[in-house]
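Visitor: Hey, dropping protein_5.tsv in here, TSV, C-alpha atoms (C1' of nucleotides):
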```
chain	number	residue	atom	x	y	z
W	1128	MET	CA	-1.25	5.81	15.13
W	1129	ARG	CA	-1.21	8.45	17.76
W	1130	VAL	CA	-3.25	11.10	19.41
W	1131	PRO	CA	-3.87	14.06	17.10
W	1132	GLU	CA	-1.77	17.11	17.87
W	1133	THR	CA	-4.80	19.15	18.77
W	1134	GLU	CA	-5.61	17.14	21.88
W	1135	THR	CA	-2.28	16.55	23.51
W	1136	ALA	CA	-3.69	15.62	26.91
W	1137	PRO	CA	-7.16	14.69	28.09
W	1138	GLU	CA	-7.47	17.80	30.25
W	1139	ALA	CA	-5.79	20.18	27.80
W	1140	LEU	CA	-7.88	22.94	26.33
W	1141	PRO	CA	-8.19	23.10	22.55
W	1142	GLU	CA	-5.05	24.40	20.92
W	1143	PRO	CA	-3.68	24.57	17.39
W	1144	GLY	CA	-1.65	21.66	16.14
W	1145	LEU	CA	1.84	22.19	14.84
W	1146	ASP	CA	0.55	22.57	11.32
W	1147	GLU	CA	-1.98	25.17	12.37
W	1148	ILE	CA	0.37	27.60	14.08
W	1149	ARG	CA	0.89	30.77	12.06
W	1150	LEU	CA	3.92	32.98	12.48
W	1151	GLU	CA	1.88	36.17	12.33
W	1152	ALA	CA	-0.38	34.95	15.10
W	1153	VAL	CA	2.59	34.07	17.30
W	1154	LEU	CA	4.18	37.47	16.76
W	1155	HIS	CA	0.90	39.19	17.41
W	1156	ALA	CA	0.41	37.22	20.60
W	1157	LEU	CA	3.86	38.25	21.80
W	1158	ALA	CA	3.39	41.90	20.85
W	1159	ASP	CA	1.26	42.80	23.86
W	1160	PRO	CA	2.92	43.88	27.12
W	1161	VAL	CA	0.66	41.81	29.34
W	1162	ARG	CA	1.09	38.69	27.25
W	1163	LEU	CA	4.83	39.18	26.88
W	1164	ARG	CA	5.04	39.34	30.65
W	1165	ILE	CA	3.06	36.13	30.97
W	1166	VAL	CA	5.42	34.43	28.56
W	1167	THR	CA	8.55	35.63	30.31
W	1168	GLU	CA	7.28	34.46	33.68
W	1169	LEU	CA	6.36	31.15	32.14
W	1170	ALA	CA	9.86	30.86	30.74
W	1171	ARG	CA	11.41	30.21	34.12
W	1172	PRO	CA	12.40	26.55	33.97
W	1173	GLY	CA	9.85	24.23	35.46
W	1174	SER	CA	7.25	26.96	35.48
W	1175	GLU	CA	3.72	25.72	35.52
W	1176	LEU	CA	1.47	28.39	36.85
W	1177	ASN	CA	-2.21	28.96	37.26
W	1178	CYS	CA	-3.60	32.11	35.75
W	1179	LEU	CA	-3.94	34.13	38.91
W	1180	ALA	CA	-0.39	33.43	40.02
W	1181	PHE	CA	0.80	36.14	37.65
W	1182	GLU	CA	-0.75	39.06	39.49
W	1183	LEU	CA	-1.40	40.83	36.25
W	1184	PRO	CA	-2.50	44.46	36.34
W	1185	VAL	CA	-5.83	43.58	34.74
W	1186	THR	CA	-9.10	42.03	35.83
W	1187	LYS	CA	-9.84	38.33	35.69
W	1188	SER	CA	-11.84	38.57	32.51
W	1189	THR	CA	-9.09	40.44	30.72
W	1190	SER	CA	-6.68	37.85	31.99
W	1191	THR	CA	-8.81	35.07	30.55
W	1192	HIS	CA	-8.76	36.91	27.24
W	1193	HIS	CA	-4.95	37.15	27.11
W	1194	PHE	CA	-4.41	33.52	28.04
W	1195	ARG	CA	-6.79	32.51	25.30
W	1196	VAL	CA	-4.95	34.59	22.72
W	1197	LEU	CA	-1.69	32.91	23.72
W	1198	ARG	CA	-3.20	29.46	23.64
W	1199	GLU	CA	-4.95	29.93	20.30
W	1200	ALA	CA	-1.75	31.27	18.78
W	1201	GLY	CA	0.03	28.14	19.92
W	1202	VAL	CA	2.35	29.83	22.40
W	1203	ILE	CA	1.09	28.21	25.59
W	1204	ARG	CA	-0.77	25.10	26.65
W	1205	GLN	CA	-3.49	25.19	29.27
W	1206	VAL	CA	-4.43	22.16	31.33
W	1207	ARG	CA	-7.21	22.07	33.87
W	1208	ARG	CA	-6.13	20.88	37.26
W	1209	GLY	CA	-8.72	20.91	39.93
W	1210	THR	CA	-10.22	24.32	40.16
W	1211	SER	CA	-7.34	26.07	38.42
W	1212	LYS	CA	-5.73	25.96	35.06
W	1213	MET	CA	-2.04	25.31	34.62
W	1214	ASN	CA	-0.14	27.13	31.91
W	1215	THR	CA	3.03	26.01	30.21
W	1216	LEU	CA	5.04	27.33	27.30
W	1217	ARG	CA	5.01	25.22	24.14
W	1218	ARG	CA	8.76	25.60	23.92
W	1219	ASP	CA	9.49	22.45	21.97
W	1220	ASP	CA	6.72	22.97	19.45
W	1221	LEU	CA	7.76	26.56	18.80
W	1222	ALA	CA	11.44	25.63	18.65
W	1223	GLN	CA	10.63	23.02	16.04
W	1224	LEU	CA	8.58	25.38	13.90
W	1225	TYR	CA	10.58	28.55	14.40
W	1226	PRO	CA	14.04	27.70	15.69
W	1227	GLY	CA	15.50	30.41	17.88
W	1228	LEU	CA	12.44	32.63	17.76
W	1229	LEU	CA	11.13	32.19	21.27
W	1230	GLU	CA	14.65	32.19	22.70
W	1231	SER	CA	15.53	35.52	21.13
W	1232	VAL	CA	12.24	37.09	22.14
W	1233	LEU	CA	12.76	35.95	25.71
W	1234	ALA	CA	16.33	37.19	25.73
W	1235	ALA	CA	15.13	40.51	24.36
W	1236	ALA	CA	12.38	40.81	26.93
W	1237	LEU	CA	14.50	39.76	29.88
W	1238	GLY	CA	17.96	41.11	29.16
W	1239	ARG	CA	16.96	44.73	29.07
W	1240	ARG	CA	19.18	47.04	27.08
W	1241	PRO	CA	22.59	45.59	26.23
W	1242	GLN	CA	24.37	48.92	26.75
W	1243	ASP	CA	22.96	49.68	30.19
L	333	MET	CA	31.38	63.40	18.62
L	334	ARG	CA	28.96	62.06	16.08
L	335	VAL	CA	25.59	62.49	14.59
L	336	PRO	CA	22.76	61.59	16.99
L	337	GLU	CA	21.18	58.23	16.32
L	338	THR	CA	17.87	59.76	15.42
L	339	GLU	CA	19.18	61.44	12.31
L	340	THR	CA	21.53	58.94	10.80
L	341	ALA	CA	21.65	60.56	7.38
L	342	PRO	CA	20.64	63.97	6.11
L	343	GLU	CA	17.89	62.57	3.92
L	344	ALA	CA	16.67	59.92	6.36
L	345	LEU	CA	13.14	60.21	7.64
L	346	PRO	CA	12.65	60.48	11.40
L	347	GLU	CA	13.17	57.17	13.10
L	348	PRO	CA	13.58	56.00	16.68
L	349	GLY	CA	17.08	55.90	18.11
L	350	LEU	CA	18.43	52.68	19.54
L	351	ASP	CA	17.25	53.66	22.98
L	352	GLU	CA	13.75	54.37	21.75
L	353	ILE	CA	13.06	51.04	20.07
L	354	ARG	CA	10.58	48.94	22.02
L	355	LEU	CA	10.35	45.20	21.65
L	356	GLU	CA	6.56	45.21	21.63
L	357	ALA	CA	6.52	47.71	18.78
L	358	VAL	CA	8.94	45.62	16.75
L	359	LEU	CA	6.91	42.46	17.28
L	360	HIS	CA	3.73	44.29	16.43
L	361	ALA	CA	5.28	45.69	13.28
L	362	LEU	CA	6.31	42.20	12.21
L	363	ALA	CA	2.95	40.64	13.04
L	364	ASP	CA	1.19	41.87	9.89
L	365	PRO	CA	1.34	39.82	6.67
L	366	VAL	CA	1.98	42.80	4.42
L	367	ARG	CA	4.74	44.15	6.61
L	368	LEU	CA	6.31	40.76	7.13
L	369	ARG	CA	6.47	40.42	3.38
L	370	ILE	CA	8.13	43.81	3.07
L	371	VAL	CA	10.71	42.79	5.64
L	372	THR	CA	11.46	39.47	3.99
L	373	GLU	CA	11.93	41.10	0.60
L	374	LEU	CA	14.15	43.68	2.21
L	375	ALA	CA	16.21	40.92	3.77
L	376	ARG	CA	17.76	39.91	0.47
L	377	PRO	CA	21.36	41.03	0.76
L	378	GLY	CA	22.03	44.40	-0.76
L	379	SER	CA	18.33	45.12	-0.96
L	380	GLU	CA	17.51	48.78	-1.13
L	381	LEU	CA	14.11	49.20	-2.65
L	382	ASN	CA	11.69	52.00	-3.23
L	383	CYS	CA	8.19	51.50	-1.90
L	384	LEU	CA	6.49	50.64	-5.16
L	385	ALA	CA	9.05	48.01	-6.05
L	386	PHE	CA	7.27	45.60	-3.71
L	387	GLU	CA	4.08	45.30	-5.72
L	388	LEU	CA	2.06	44.94	-2.57
L	389	PRO	CA	-1.58	43.90	-2.84
L	390	VAL	CA	-2.71	47.21	-1.37
L	391	THR	CA	-3.13	50.79	-2.53
L	392	LYS	CA	-0.41	53.41	-2.29
L	393	SER	CA	-1.84	55.01	0.82
L	394	THR	CA	-2.03	51.71	2.65
L	395	SER	CA	1.52	51.07	1.55
L	396	THR	CA	2.63	54.39	3.00
L	397	HIS	CA	0.94	53.41	6.24
L	398	HIS	CA	2.78	50.09	6.53
L	399	PHE	CA	6.17	51.58	5.74
L	400	ARG	CA	5.61	54.17	8.40
L	401	VAL	CA	4.72	51.55	11.00
L	402	LEU	CA	7.92	49.69	10.19
L	403	ARG	CA	10.02	52.83	10.31
L	404	GLU	CA	8.52	54.12	13.55
L	405	ALA	CA	9.03	50.74	15.17
L	406	GLY	CA	12.69	50.90	14.19
L	407	VAL	CA	12.63	47.98	11.78
L	408	ILE	CA	13.47	49.84	8.59
L	409	ARG	CA	15.15	53.05	7.55
L	410	GLN	CA	13.75	55.25	4.81
L	411	VAL	CA	15.90	57.62	2.83
L	412	ARG	CA	14.61	59.98	0.20
L	413	ARG	CA	16.37	59.68	-3.09
L	414	GLY	CA	15.08	61.83	-5.85
L	415	THR	CA	11.40	61.25	-6.23
L	416	SER	CA	11.41	57.88	-4.51
L	417	LYS	CA	12.19	56.61	-1.08
L	418	MET	CA	14.69	53.87	-0.47
L	419	ASN	CA	14.04	51.33	2.26
L	420	THR	CA	16.60	49.30	4.14
L	421	LEU	CA	16.42	46.96	7.09
L	422	ARG	CA	18.03	48.19	10.29
L	423	ARG	CA	19.72	44.83	10.66
L	424	ASP	CA	22.67	45.95	12.73
L	425	ASP	CA	20.62	48.05	15.12
L	426	LEU	CA	18.13	45.26	15.70
L	427	ALA	CA	20.88	42.68	16.05
L	428	GLN	CA	22.52	44.82	18.69
L	429	LEU	CA	19.34	45.32	20.68
L	430	TYR	CA	17.76	41.92	20.17
L	431	PRO	CA	20.40	39.43	19.05
L	432	GLY	CA	18.99	36.69	16.86
L	433	LEU	CA	15.48	38.09	16.79
L	434	LEU	CA	15.31	39.33	13.23
L	435	GLU	CA	17.25	36.34	11.97
L	436	SER	CA	14.85	33.86	13.50
L	437	VAL	CA	11.81	35.75	12.30
L	438	LEU	CA	13.23	35.84	8.78
L	439	ALA	CA	14.09	32.15	8.91
L	440	ALA	CA	10.58	31.43	10.13
L	441	ALA	CA	8.97	33.52	7.42
L	442	LEU	CA	11.14	32.21	4.60
L	443	GLY	CA	11.79	28.59	5.46
L	444	ARG	CA	8.19	27.50	5.41
L	445	ARG	CA	7.33	24.44	7.47
L	446	PRO	CA	10.37	22.39	8.48
L	447	GLN	CA	8.55	19.07	8.03
L	448	ASP	CA	7.26	19.73	4.52
G	625	DA	C1'	-25.23	21.54	51.51
G	626	DC	C1'	-22.57	25.58	51.83
G	627	DG	C1'	-19.28	28.61	50.74
G	628	DC	C1'	-14.74	29.76	48.80
G	629	DT	C1'	-11.64	30.08	45.03
G	630	DA	C1'	-10.55	30.01	40.02
G	631	DG	C1'	-12.01	30.97	35.97
G	632	DT	C1'	-15.64	31.94	32.04
G	633	DT	C1'	-19.20	34.40	29.58
G	634	DC	C1'	-21.57	38.26	28.22
G	635	DG	C1'	-22.37	42.68	27.00
G	636	DA	C1'	-20.39	47.20	26.30
G	637	DG	C1'	-17.24	50.94	25.47
G	638	DA	C1'	-12.97	53.12	23.86
G	639	DT	C1'	-9.25	52.84	21.09
G	640	DC	C1'	-6.45	50.91	17.40
G	641	DT	C1'	-5.76	48.96	12.88
G	642	DG	C1'	-6.03	47.97	7.98
G	643	DT	C1'	-8.07	49.48	4.13
G	644	DC	C1'	-9.64	52.58	0.46
G	645	DA	C1'	-10.47	56.83	-2.62
G	646	DA	C1'	-9.58	61.43	-3.63
G	647	DA	C1'	-6.93	65.31	-3.46
G	648	DC	C1'	-2.53	66.84	-2.68
G	649	DT	C1'	2.95	67.65	-2.73
G	650	DA	C1'	7.64	66.95	-4.52
G	651	DC	C1'	10.93	65.85	-7.67
G	652	DG	C1'	13.00	64.85	-12.29
G	653	DA	C1'	12.71	64.83	-17.35
G	654	DG	C1'	11.86	67.11	-21.38
V	1386	DC	C1'	6.89	75.40	-17.52
V	1387	DT	C1'	4.52	71.21	-17.95
V	1388	DC	C1'	3.91	66.55	-17.34
V	1389	DG	C1'	4.40	62.14	-15.24
V	1390	DT	C1'	5.95	59.40	-11.38
V	1391	DA	C1'	6.43	58.50	-6.32
V	1392	DG	C1'	4.62	59.15	-2.33
V	1393	DT	C1'	1.67	61.74	1.44
V	1394	DT	C1'	-2.40	63.44	3.66
V	1395	DT	C1'	-7.02	63.42	4.87
V	1396	DG	C1'	-11.34	61.50	5.87
V	1397	DA	C1'	-13.94	57.64	6.18
V	1398	DC	C1'	-15.27	53.00	7.39
V	1399	DA	C1'	-15.33	48.15	9.06
V	1400	DG	C1'	-13.44	45.15	11.99
V	1401	DA	C1'	-10.21	43.88	15.64
V	1402	DT	C1'	-8.45	44.61	20.29
V	1403	DC	C1'	-8.11	45.73	25.17
V	1404	DT	C1'	-10.49	46.73	28.89
V	1405	DC	C1'	-14.03	46.51	32.42
V	1406	DG	C1'	-18.02	44.97	35.57
V	1407	DA	C1'	-21.59	41.82	36.56
V	1408	DA	C1'	-23.39	37.55	36.44
V	1409	DC	C1'	-22.32	32.92	35.91
V	1410	DT	C1'	-20.02	27.91	36.31
V	1411	DA	C1'	-17.09	24.43	38.32
V	1412	DG	C1'	-14.38	22.08	41.62
V	1413	DC	C1'	-12.54	21.60	46.51
V	1414	DG	C1'	-12.91	21.61	51.54
V	1415	DT	C1'	-15.59	21.27	55.52
```
Spell out the structure here as structure tokens.
Guide:
Amino acid sequence: MRVPETETAPEALPEPGLDEIRLEAVLHALADPVRLRIVTELARPGSELNCLAFELPVTKSTSTHHFRVLREAGVIRQVRRGTSKMNTLRRDDLAQLYPGLLESVLAAALGRRPQD
Amino acid sequence: MRVPETETAPEALPEPGLDEIRLEAVLHALADPVRLRIVTELARPGSELNCLAFELPVTKSTSTHHFRVLREAGVIRQVRRGTSKMNTLRRDDLAQLYPGLLESVLAAALGRRPQD
DNA sequence: ACGCTAGTTCGAGATCTGTCAAACTACGAG
DNA sequence: CTCGTAGTTTGACAGATCTCGAACTAGCGT
């Protein structure tokens, strides 16, 4: 018997369990420039950033919106820590469900233009 | 000297060249259930299908719309042949730009739920 | 208690998206 | 030439999405 997937940590905000993650939702979450940027910054190893650390070109409320889309799609996990909220990629969960997907998206987003 | 990327074949409909394909557009194109289904059916080796061969659960005009989104994102190529239009995946182009991306999306869409 | 910082909630607006029906074009067969 | 098949175009509509500003909540430091 173990903790249900939906509440991984006491301070974690509600997120879909492994069986609730839908491929279309993940792709849709990654298809926005702002969110793709969040994901690539989060991909740096050991990255655990609060929302405002990203210096996104949008207001705070828009930022909240994008982080929620990512969390509800199952791409990131958000944990409250003090007055901020720490964000991490759900790398392992995504790798288990969709092997290679996140890696290739990150490679595509980071390694710009093979022929350049 | 060779034919510009944007007009690969005489009968091919206008499509983005390699340098015009944007990752966000590809992900967005793949993020719709109807279009994802088109892509997976097109992924069968040697698949070259006309639009109506897919028996999509939408009307013809909606179908036209989805094929256009896929073509303009650079995911498929459409070539007129007689009265129909043949669709093929731009596998090589996508593999060159975003190695592993299409493969992992297809694997994710086809191989449903690893733990089932 | 007070204020600062981080983030949320609540409209609201503009644009985009998926869908349809109806009328249309284009090609091939006969 | 006429008909049927394949697909497009147009206009419309409902719902989603991205964005903002303003007001709000919650925790930390002093």
Visitor: Could you list, as a ChimeraX atom specification, every residue within 10 Å of Val1196 in chain W, counting only C-alpha atoms (C1' of nucleotides) and ignoring same-chain residues fewer than 5 positions away?
Guide: /W:1152-1153,1155-1157,1162,1190-1191,1201-1203
Visitor: Which residues are near range 630-644 of chain G? Cut-off 7 Å, all atoms listed in the file, ignore same chain within fewer than 2 positions. Put them as a PyMOL selection string.
Guide: (chain W and resi 1210-1211) or (chain L and resi 394)
Visitor: Once you count only C-alpha atoms (C1' of nucleotides), which residues of chain W turn out to be within 10 Å of chain V? Could you give them as a list in words?
Guide: Asp1159, Val1185, Thr1186, Lys1187, Ser1188, Thr1189, His1192, His1193, Arg1208, Gly1209, Thr1210 and Ser1211 of chain W
Visitor: Only residues of chain W matter here; which ones have an atom within 9 Å of chain L, counting all atoms listed in the file? Give them as a VMD selection string.
Guide: chain W and resid 1146 1150 to 1160 1163 1223 to 1232 1234 to 1236 1239 to 1242
Visitor: What is the distance, in Å and to one decimal place, between CA of Arg1164 in chain W and CA of Pro1184 in chain W?
Guide: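 Computed distance, CA of Arg1164 in chain W to CA of Pro1184 in chain W, equals 10.7 Å.
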Visitor: Just give me the gap between CA of Arg423 in chain L and CA of Ala1170 in chain W in Å, one decimal is fine.
Guide: 26.4 Å
Visitor: What is the CA of Leu402 in chain L to CA of Glu347 in chain L distance in Å?
Guide: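 Pair CA of Leu402 in chain L / CA of Glu347 in chain L returns 9.6 Å.
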Visitor: Enumerate, as a PDB file with C-alpha atoms, in the frame of the given file, the protein, DNA and RNA residues whose atoms approach (8.2, 24.8, 33.8) to within 12 Å, taking into account all atoms listed in the file and the coordinate frame of the file.
Guide:
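See point.pdb below for the written result:
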```pdb
ATOM      1  CA  VAL W1166       5.420  34.430  28.560  1.00  0.00           C
ATOM      2  CA  THR W1167       8.550  35.630  30.310  1.00  0.00           C
ATOM      3  CA  GLU W1168       7.280  34.460  33.680  1.00  0.00           C
ATOM      4  CA  LEU W1169       6.360  31.150  32.140  1.00  0.00           C
ATOM      5  CA  ALA W1170       9.860  30.860  30.740  1.00  0.00           C
ATOM      6  CA  ARG W1171      11.410  30.210  34.120  1.00  0.00           C
ATOM      7  CA  PRO W1172      12.400  26.550  33.970  1.00  0.00           C
ATOM      8  CA  GLY W1173       9.850  24.230  35.460  1.00  0.00           C
ATOM      9  CA  SER W1174       7.250  26.960  35.480  1.00  0.00           C
ATOM     10  CA  GLU W1175       3.720  25.720  35.520  1.00  0.00           C
ATOM     11  CA  LEU W1176       1.470  28.390  36.850  1.00  0.00           C
ATOM     12  CA  ASN W1177      -2.210  28.960  37.260  1.00  0.00           C
ATOM     13  CA  ILE W1203       1.090  28.210  25.590  1.00  0.00           C
ATOM     14  CA  ARG W1204      -0.770  25.100  26.650  1.00  0.00           C
ATOM     15  CA  MET W1213      -2.040  25.310  34.620  1.00  0.00           C
ATOM     16  CA  ASN W1214      -0.140  27.130  31.910  1.00  0.00           C
ATOM     17  CA  THR W1215       3.030  26.010  30.210  1.00  0.00           C
ATOM     18  CA  LEU W1216       5.040  27.330  27.300  1.00  0.00           C
ATOM     19  CA  ARG W1217       5.010  25.220  24.140  1.00  0.00           C
ATOM     20  CA  ARG W1218       8.760  25.600  23.920  1.00  0.00           C
TER      21      ARG W1218
END
```
Visitor: Counting only C-alpha atoms (C1' of nucleotides), what is within 8 Å of Leu1140 in chain W, bar same-chain residues fewer than 2 positions away, as number ranges by chain?
Guide: W: 1134, 1138, 1142, 1204-1207
Visitor: Mind filling out range 359-380 of chain L with N, CA and C atoms and sending it as a short mmCIF file (atom, residue, chain, number, x, y, z; two decimals), in the frame of the given file?
Guide:
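To be explicit, this is the file written out as part_34.cif:
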```cif
data_model
loop_
_atom_site.label_atom_id
_atom_site.label_comp_id
_atom_site.auth_asym_id
_atom_site.auth_seq_id
_atom_site.Cartn_x
_atom_site.Cartn_y
_atom_site.Cartn_z
N LEU L 359 7.70 43.67 17.48
CA LEU L 359 6.91 42.46 17.28
C LEU L 359 5.59 42.80 16.61
N HIS L 360 4.99 43.88 17.04
CA HIS L 360 3.73 44.29 16.43
C HIS L 360 3.92 44.63 14.95
N ALA L 361 5.01 45.32 14.67
CA ALA L 361 5.28 45.69 13.28
C ALA L 361 5.45 44.45 12.42
N LEU L 362 6.04 43.41 12.97
CA LEU L 362 6.31 42.20 12.21
C LEU L 362 5.10 41.28 12.14
N ALA L 363 4.08 41.56 12.92
CA ALA L 363 2.95 40.64 13.04
C ALA L 363 1.91 40.80 11.94
N ASP L 364 2.15 41.68 10.98
CA ASP L 364 1.19 41.87 9.89
C ASP L 364 1.74 41.24 8.61
N PRO L 365 0.89 40.53 7.88
CA PRO L 365 1.34 39.82 6.67
C PRO L 365 2.01 40.73 5.65
N VAL L 366 1.40 41.89 5.40
CA VAL L 366 1.98 42.80 4.42
C VAL L 366 3.35 43.27 4.86
N ARG L 367 3.45 43.65 6.12
CA ARG L 367 4.74 44.15 6.61
C ARG L 367 5.78 43.06 6.71
N LEU L 368 5.36 41.87 7.07
CA LEU L 368 6.31 40.76 7.13
C LEU L 368 6.87 40.49 5.74
N ARG L 369 6.02 40.61 4.76
CA ARG L 369 6.47 40.42 3.38
C ARG L 369 7.46 41.50 2.98
N ILE L 370 7.19 42.73 3.34
CA ILE L 370 8.13 43.81 3.07
C ILE L 370 9.49 43.49 3.68
N VAL L 371 9.46 43.06 4.92
CA VAL L 371 10.71 42.79 5.64
C VAL L 371 11.47 41.64 4.99
N THR L 372 10.75 40.60 4.60
CA THR L 372 11.46 39.47 3.99
C THR L 372 12.06 39.86 2.65
N GLU L 373 11.36 40.68 1.89
CA GLU L 373 11.93 41.10 0.60
C GLU L 373 13.13 42.01 0.81
N LEU L 374 13.06 42.78 1.89
CA LEU L 374 14.15 43.68 2.21
C LEU L 374 15.36 42.93 2.75
N ALA L 375 15.14 41.69 3.12
CA ALA L 375 16.21 40.92 3.77
C ALA L 375 17.19 40.35 2.75
N ARG L 376 16.81 40.37 1.49
CA ARG L 376 17.76 39.91 0.47
C ARG L 376 18.97 40.81 0.51
N PRO L 377 20.16 40.21 0.56
CA PRO L 377 21.36 41.03 0.76
C PRO L 377 21.51 42.10 -0.30
N GLY L 378 21.86 43.27 0.15
CA GLY L 378 22.03 44.40 -0.76
C GLY L 378 20.73 45.02 -1.21
N SER L 379 19.64 44.60 -0.58
CA SER L 379 18.33 45.12 -0.96
C SER L 379 18.17 46.57 -0.52
N GLU L 380 17.85 47.40 -1.46
CA GLU L 380 17.51 48.78 -1.13
C GLU L 380 16.44 49.15 -2.13
#
```
